[in-house]
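Student: Attaching a single structure in structure tokens format; questions to follow.
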Amino acid sequence: MKRLFVIILLLAAGIGMLTAQTPIEQLPKQICSGEWKAGHVQGLAVDTKREYIYFSFTTMLVKMDMQGNVVGTVTGLLGHLGCIEFNDADGRIYGSLEYKDDSIGRGILKQEKSNKKFDTAFYVAIFDVDKITRQGMSAEKDGIMTTVYLPTVVEDFKAKVECGGKTLEHRFGCSGFDGITFGPKFGKSDGKYYLTIAYGIYGDANRSDNDHQVLLQYDASNWTKYEQPLSQDNMHQLGPKKPAGRYFVYTGNRNWGVQNMEYDKSRNFWFLATYETKKSDFAGFSLMTIDGNIAPKKQPLKGVDYCKSGNLLTLSGRGMTDANHHSIRGWHFDKSSTGIHALGDNYFYISHRKRNKPYQSCTATLYKFVGRESYPFDLIQ
């Protein structure tokens, strides 16, 4: 009995060592991805317990240690791998993966010198990162990646709607989805975490139904029943019929919608990182925060003729105020649109993108969120 007790103590100590998070003061202030012949960096994610960092470069995933040494890469994607997130619950990377016939989709196929044609498909890509051990591993053939199909996003992308007396393509201006993160139900700060995605939205200045960011929450805890290896020759359509919830936040249109999204439990804020807008009526902030402490409210959706109401989220009171739309506040801070990861205690790694044609690179740079009106972060030096 005594021997068993000692073994249990040793096991418990081992588990503690495995799950202990690296103190923020011991994290590097900068981590460079190195240069890659790929599309530009789309997102970054960090596993501070096992000390790895991941970069999404549009058609490839890069795994590095925290000293900037390459551990492995996943290649062979002909779709758009966007924002990525590390899931502490299962130790895997989740990312947005899009296949579509538009300027982005066609550009990727041209870049990859592929003649393939794809039906529109939107997936959550899930990477078993423990299996990423060398460079040039195949997303299709090496058993690293599974995918879950999101029919709700496909339906909104393909839908035709009547708004402003015109027939328009793409419900809510949906171009797919990009932002992805994990967090509690909106209006709560604890409980079950939901996989949360944010739509990409076309930057059309001539319609009124694309001025909301659209967020969907899914219970991904039982997604093993949907997960399938990806075959780009035989695209599957297995996934949840509906999300657990659909939400809207009024920001004004942003070209391509939410590029990166990150939940930060330090303040219970949801960070939305975007590009600029083509609509001159809006200030065009490229970083905004949703206050997760405020419950969604069922309200009419401005400019959306075909949808009477929706679950509206509330932006936090942080940042500058849009002179024409006082409920919209945020910052002109474009770096986070290509990667942002919350480390806790208001610290973040944020992407600094660089291009040295034909190479792309990223430096994950340490910041602290201070939320001042003029500028949201302090650079840690």
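Letters for chains follow the order of the structure tokens (A, B, ...), residue numbers begin at 1 for each chain, and ligand numbers begin at 1 in the order shown.
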Apply DSSP to the structure's backbone, then extract all residues of stretch 56-135 of chain A labelled helix (DSSP H, G or I) and return them as a ChimeraX atom specification.
Tutor: /A:103-111,129-131
Student: Print the selection's residues with N, CA and C atoms to a file, as a compact mmCIF listing (two decimals), in the first residue's frame.
Tutor:
# COMPACT_ATOMS: atom_id res chain seq x y z
N SER A 103 -11.62 35.11 -55.68
CA SER A 103 -10.26 35.62 -55.92
C SER A 103 -9.23 34.95 -55.02
N ILE A 104 -9.62 34.65 -53.78
CA ILE A 104 -8.68 33.99 -52.86
C ILE A 104 -8.43 32.56 -53.30
N GLY A 105 -9.51 31.82 -53.56
CA GLY A 105 -9.38 30.43 -53.96
C GLY A 105 -8.58 30.27 -55.25
N ARG A 106 -8.88 31.12 -56.23
CA ARG A 106 -8.16 31.05 -57.51
C ARG A 106 -6.69 31.43 -57.34
N GLY A 107 -6.45 32.40 -56.46
CA GLY A 107 -5.06 32.82 -56.21
C GLY A 107 -4.23 31.71 -55.59
N ILE A 108 -4.84 30.94 -54.69
CA ILE A 108 -4.11 29.83 -54.05
C ILE A 108 -3.77 28.76 -55.08
N LEU A 109 -4.73 28.40 -55.92
CA LEU A 109 -4.47 27.37 -56.93
C LEU A 109 -3.38 27.83 -57.90
N LYS A 110 -3.38 29.10 -58.24
CA LYS A 110 -2.33 29.62 -59.11
C LYS A 110 -0.97 29.55 -58.43
N GLN A 111 -0.94 29.94 -57.15
CA GLN A 111 0.30 29.90 -56.38
C GLN A 111 0.85 28.47 -56.28
N VAL A 129 -0.87 17.55 -33.37
CA VAL A 129 0.46 18.18 -33.47
C VAL A 129 1.58 17.29 -32.94
N ASP A 130 1.26 16.30 -32.10
CA ASP A 130 2.30 15.38 -31.62
C ASP A 130 2.91 14.59 -32.77
N LYS A 131 2.16 14.45 -33.87
CA LYS A 131 2.65 13.68 -35.01
C LYS A 131 3.48 14.51 -35.99
Student: Quick one: residues within 9 Å of stretch 303-316 of chain A, only C-alpha atoms, excluding same-chain residues fewer than 2 positions away - as a VMD selection string?
Tutor: chain A and resid 161 to 164 172 186 to 187 207 to 211 245 to 251 269 288 to 292 294 to 301 318 to 319 327 to 330
Student: The selected residues should be written to file as a JSON list (two decimals), in the first residue's frame (atoms: N, CA and C atoms).
Tutor:
[["chain", "number", "residue", "atom", "x", "y", "z"],
["A", 161, "VAL", "N", -30.23, 36.52, -51.30],
["A", 161, "VAL", "CA", -31.15, 37.21, -50.40],
["A", 161, "VAL", "C", -31.68, 38.47, -51.08],
["A", 162, "GLU", "N", -32.83, 38.93, -50.58],
["A", 162, "GLU", "CA", -33.43, 40.18, -51.06],
["A", 162, "GLU", "C", -33.18, 41.26, -50.01],
["A", 163, "CYS", "N", -32.48, 42.31, -50.41],
["A", 163, "CYS", "CA", -32.17, 43.39, -49.45],
["A", 163, "CYS", "C", -32.01, 44.70, -50.20],
["A", 164, "GLY", "N", -32.67, 45.74, -49.72],
["A", 164, "GLY", "CA", -32.58, 47.04, -50.36],
["A", 164, "GLY", "C", -33.13, 47.05, -51.77],
["A", 172, "PHE", "N", -25.59, 37.79, -45.41],
["A", 172, "PHE", "CA", -24.76, 38.61, -44.51],
["A", 172, "PHE", "C", -23.42, 38.98, -45.16],
["A", 186, "PHE", "N", -21.18, 33.34, -24.74],
["A", 186, "PHE", "CA", -21.21, 34.79, -24.60],
["A", 186, "PHE", "C", -22.11, 35.19, -23.44],
["A", 187, "GLY", "N", -21.62, 36.11, -22.63],
["A", 187, "GLY", "CA", -22.34, 36.52, -21.44],
["A", 187, "GLY", "C", -21.89, 35.79, -20.20],
["A", 207, "ARG", "N", -23.93, 47.50, -50.27],
["A", 207, "ARG", "CA", -25.02, 46.76, -49.62],
["A", 207, "ARG", "C", -24.99, 47.08, -48.13],
["A", 208, "SER", "N", -26.15, 46.88, -47.49],
["A", 208, "SER", "CA", -26.29, 47.27, -46.08],
["A", 208, "SER", "C", -26.33, 46.08, -45.12],
["A", 209, "ASP", "N", -26.39, 44.86, -45.66],
["A", 209, "ASP", "CA", -26.57, 43.70, -44.78],
["A", 209, "ASP", "C", -25.24, 43.05, -44.39],
["A", 210, "ASN", "N", -24.13, 43.74, -44.63],
["A", 210, "ASN", "CA", -22.81, 43.16, -44.32],
["A", 210, "ASN", "C", -22.07, 43.97, -43.27],
["A", 211, "ASP", "N", -22.82, 44.71, -42.43],
["A", 211, "ASP", "CA", -22.19, 45.58, -41.43],
["A", 211, "ASP", "C", -22.09, 44.93, -40.05],
["A", 245, "GLY", "N", -25.10, 28.23, -31.33],
["A", 245, "GLY", "CA", -25.62, 29.60, -31.28],
["A", 245, "GLY", "C", -25.03, 30.45, -32.39],
["A", 246, "ARG", "N", -25.83, 31.41, -32.86],
["A", 246, "ARG", "CA", -25.37, 32.37, -33.87],
["A", 246, "ARG", "C", -25.49, 33.77, -33.25],
["A", 247, "TYR", "N", -24.45, 34.58, -33.43],
["A", 247, "TYR", "CA", -24.39, 35.88, -32.79],
["A", 247, "TYR", "C", -23.90, 36.93, -33.79],
["A", 248, "PHE", "N", -24.24, 38.19, -33.49],
["A", 248, "PHE", "CA", -23.87, 39.30, -34.36],
["A", 248, "PHE", "C", -23.27, 40.42, -33.52],
["A", 249, "VAL", "N", -22.32, 41.13, -34.10],
["A", 249, "VAL", "CA", -21.80, 42.33, -33.45],
["A", 249, "VAL", "C", -21.67, 43.41, -34.51],
["A", 250, "TYR", "N", -22.26, 44.58, -34.24],
["A", 250, "TYR", "CA", -22.32, 45.66, -35.21],
["A", 250, "TYR", "C", -21.01, 46.44, -35.17],
["A", 251, "THR", "N", -20.25, 46.35, -36.26],
["A", 251, "THR", "CA", -18.96, 47.02, -36.35],
["A", 251, "THR", "C", -18.84, 47.87, -37.61],
["A", 269, "PHE", "N", -12.67, 39.27, -22.53],
["A", 269, "PHE", "CA", -12.83, 39.98, -23.79],
["A", 269, "PHE", "C", -12.59, 39.03, -24.96],
["A", 288, "MET", "N", -11.02, 45.39, -32.43],
["A", 288, "MET", "CA", -12.14, 45.70, -31.54],
["A", 288, "MET", "C", -12.27, 44.58, -30.52],
["A", 289, "THR", "N", -12.92, 44.87, -29.39],
["A", 289, "THR", "CA", -13.09, 43.87, -28.35],
["A", 289, "THR", "C", -14.57, 43.75, -27.98],
["A", 290, "ILE", "N", -15.04, 42.52, -27.92],
["A", 290, "ILE", "CA", -16.39, 42.22, -27.43],
["A", 290, "ILE", "C", -16.30, 42.02, -25.93],
["A", 291, "ASP", "N", -17.21, 42.62, -25.20],
["A", 291, "ASP", "CA", -17.29, 42.43, -23.75],
["A", 291, "ASP", "C", -18.05, 41.15, -23.46],
["A", 292, "GLY", "N", -17.33, 40.09, -23.08],
["A", 292, "GLY", "CA", -17.95, 38.80, -22.82],
["A", 292, "GLY", "C", -18.77, 38.74, -21.56],
["A", 294, "ILE", "N", -21.24, 40.77, -20.96],
["A", 294, "ILE", "CA", -22.60, 41.24, -21.27],
["A", 294, "ILE", "C", -23.31, 40.19, -22.10],
["A", 295, "ALA", "N", -24.46, 39.75, -21.63],
["A", 295, "ALA", "CA", -25.21, 38.69, -22.31],
["A", 295, "ALA", "C", -25.74, 39.20, -23.66],
["A", 296, "PRO", "N", -25.85, 38.32, -24.65],
["A", 296, "PRO", "CA", -26.43, 38.72, -25.94],
["A", 296, "PRO", "C", -27.86, 39.20, -25.76],
["A", 297, "LYS", "N", -28.27, 40.14, -26.61],
["A", 297, "LYS", "CA", -29.63, 40.68, -26.57],
["A", 297, "LYS", "C", -30.29, 40.48, -27.92],
["A", 298, "LYS", "N", -31.50, 39.96, -27.91],
["A", 298, "LYS", "CA", -32.26, 39.78, -29.14],
["A", 298, "LYS", "C", -32.73, 41.14, -29.64],
["A", 299, "GLN", "N", -32.21, 41.58, -30.77],
["A", 299, "GLN", "CA", -32.52, 42.91, -31.28],
["A", 299, "GLN", "C", -32.59, 42.88, -32.80],
["A", 300, "PRO", "N", -33.23, 43.89, -33.40],
["A", 300, "PRO", "CA", -33.21, 44.00, -34.87],
["A", 300, "PRO", "C", -31.79, 44.17, -35.38],
["A", 301, "LEU", "N", -31.55, 43.71, -36.60],
["A", 301, "LEU", "CA", -30.24, 43.84, -37.23],
["A", 301, "LEU", "C", -30.28, 44.98, -38.24],
["A", 318, "ARG", "N", -13.69, 50.08, -24.71],
["A", 318, "ARG", "CA", -12.27, 50.40, -24.87],
["A", 318, "ARG", "C", -11.97, 50.89, -26.29],
["A", 319, "GLY", "N", -11.05, 51.84, -26.38],
["A", 319, "GLY", "CA", -10.61, 52.33, -27.67],
["A", 319, "GLY", "C", -11.22, 53.65, -28.06],
["A", 327, "SER", "N", -21.65, 53.46, -30.84],
["A", 327, "SER", "CA", -21.57, 52.16, -30.17],
["A", 327, "SER", "C", -20.33, 51.38, -30.60],
["A", 328, "ILE", "N", -19.65, 51.87, -31.64],
["A", 328, "ILE", "CA", -18.49, 51.17, -32.18],
["A", 328, "ILE", "C", -17.21, 51.83, -31.65],
["A", 329, "ARG", "N", -16.39, 51.02, -30.98],
["A", 329, "ARG", "CA", -15.12, 51.51, -30.46],
["A", 329, "ARG", "C", -14.02, 50.52, -30.80],
["A", 330, "GLY", "N", -12.84, 51.03, -30.99],
["A", 330, "GLY", "CA", -11.72, 50.15, -31.32],
["A", 330, "GLY", "C", -10.47, 50.94, -31.61]]
Student: Pick from A:Asn87, A:Asn69, A:Ser336, A:Gln232: nearest to A:Val46, with only C-alpha atoms counted?
Tutor: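 Nearest to A:Val46: A:Asn87.
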Student: Taking 2 positions as the minimum chain separation for residues in the same chain, which residues sit within 10 Å of stretch 342-356 of chain A when counting only C-alpha atoms? Answer as a ChimeraX atom specification.
Tutor: /A:21-24,27-33,35-37,39-48,55,262-267,271,334-340,358-371,377-380
Student: Considering only C-alpha atoms, return as a tab-separated table (two decimals) with C-alpha atoms, in the first residue's frame whatever protein or nucleic-acid residues lie within 7 Å of A:Ala125, sequence-local ones (same chain, fewer than 5 positions apart) excluded.
Tutor:
chain	number	residue	atom	x	y	z
A	94	TYR	CA	-7.81	23.96	-34.81
A	95	GLY	CA	-7.88	26.15	-37.91
A	96	SER	CA	-10.22	27.53	-40.56
A	97	LEU	CA	-9.91	25.85	-43.96
A	145	MET	CA	-5.02	16.29	-39.98
A	146	THR	CA	-8.75	15.62	-39.80
A	147	THR	CA	-11.55	17.94	-40.87
A	148	VAL	CA	-15.12	18.77	-39.84
Student: Quick one: residues within 10 Å of A:Glu140, only C-alpha atoms, excluding same-chain residues fewer than 2 positions away - as a PyMOL selection string?
Tutor: chain A and resi 74-77+137-138+142-146+229-232
Student: Got time to write the residues from that selection, C-alpha atoms, as an mmCIF file, in the first residue's frame?
Tutor:
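result04.cif, written as the output of this step:
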data_model
loop_
_atom_site.group_PDB
_atom_site.id
_atom_site.type_symbol
_atom_site.label_atom_id
_atom_site.label_comp_id
_atom_site.auth_asym_id
_atom_site.auth_seq_id
_atom_site.Cartn_x
_atom_site.Cartn_y
_atom_site.Cartn_z
ATOM 1 C CA VAL A 74 2.460 20.238 -42.804
ATOM 2 C CA THR A 75 2.077 20.928 -46.523
ATOM 3 C CA GLY A 76 -0.053 19.986 -49.524
ATOM 4 C CA LEU A 77 -3.138 22.085 -48.827
ATOM 5 C CA MET A 137 4.661 16.132 -43.949
ATOM 6 C CA SER A 138 1.461 15.656 -45.971
ATOM 7 C CA ASP A 142 0.518 11.320 -42.972
ATOM 8 C CA GLY A 143 -2.436 10.994 -40.578
ATOM 9 C CA ILE A 144 -1.862 14.412 -39.071
ATOM 10 C CA MET A 145 -5.023 16.287 -39.979
ATOM 11 C CA THR A 146 -8.750 15.621 -39.804
ATOM 12 C CA PRO A 229 -9.168 12.716 -42.990
ATOM 13 C CA LEU A 230 -9.188 15.231 -45.810
ATOM 14 C CA SER A 231 -9.087 13.976 -49.368
ATOM 15 C CA GLN A 232 -8.852 16.852 -51.826
#
Student: As an exercise, work out the distance from atom CA of A:Trp331 to atom CA of A:Asp281 in Å and give it to one decimal place.
Tutor: 16.1 Å
Student: Residues at most 8 Å from A:Ala283, counting only C-alpha atoms, excluding those fewer than 2 positions away in the same chain, as a PyMOL selection string?
Tutor: chain A and resi 280-281+285+322-324
Student: Keeping only C-alpha atoms, write the selected residues to a file as a short mmCIF file (atom, residue, chain, number, x, y, z; two decimals), in the first residue's frame.
Tutor:
data_model
loop_
_atom_site.label_atom_id
_atom_site.label_comp_id
_atom_site.auth_asym_id
_atom_site.auth_seq_id
_atom_site.Cartn_x
_atom_site.Cartn_y
_atom_site.Cartn_z
CA SER A 280 -16.33 55.75 -45.71
CA ASP A 281 -19.14 56.14 -43.16
CA PHE A 285 -10.95 50.19 -36.72
CA ASP A 322 -16.45 55.98 -34.26
CA ALA A 323 -17.70 59.54 -34.80
CA ASN A 324 -20.71 58.37 -36.84
#
Student: As a PyMOL selection string, list the residues of stretch 137-218 of chain A assigned to strand (DSSP E) by DSSP on the backbone atoms of this structure.
Tutor: chain A and resi 137-138+145-149+160-163+166-169+174-183+194-201+212-218
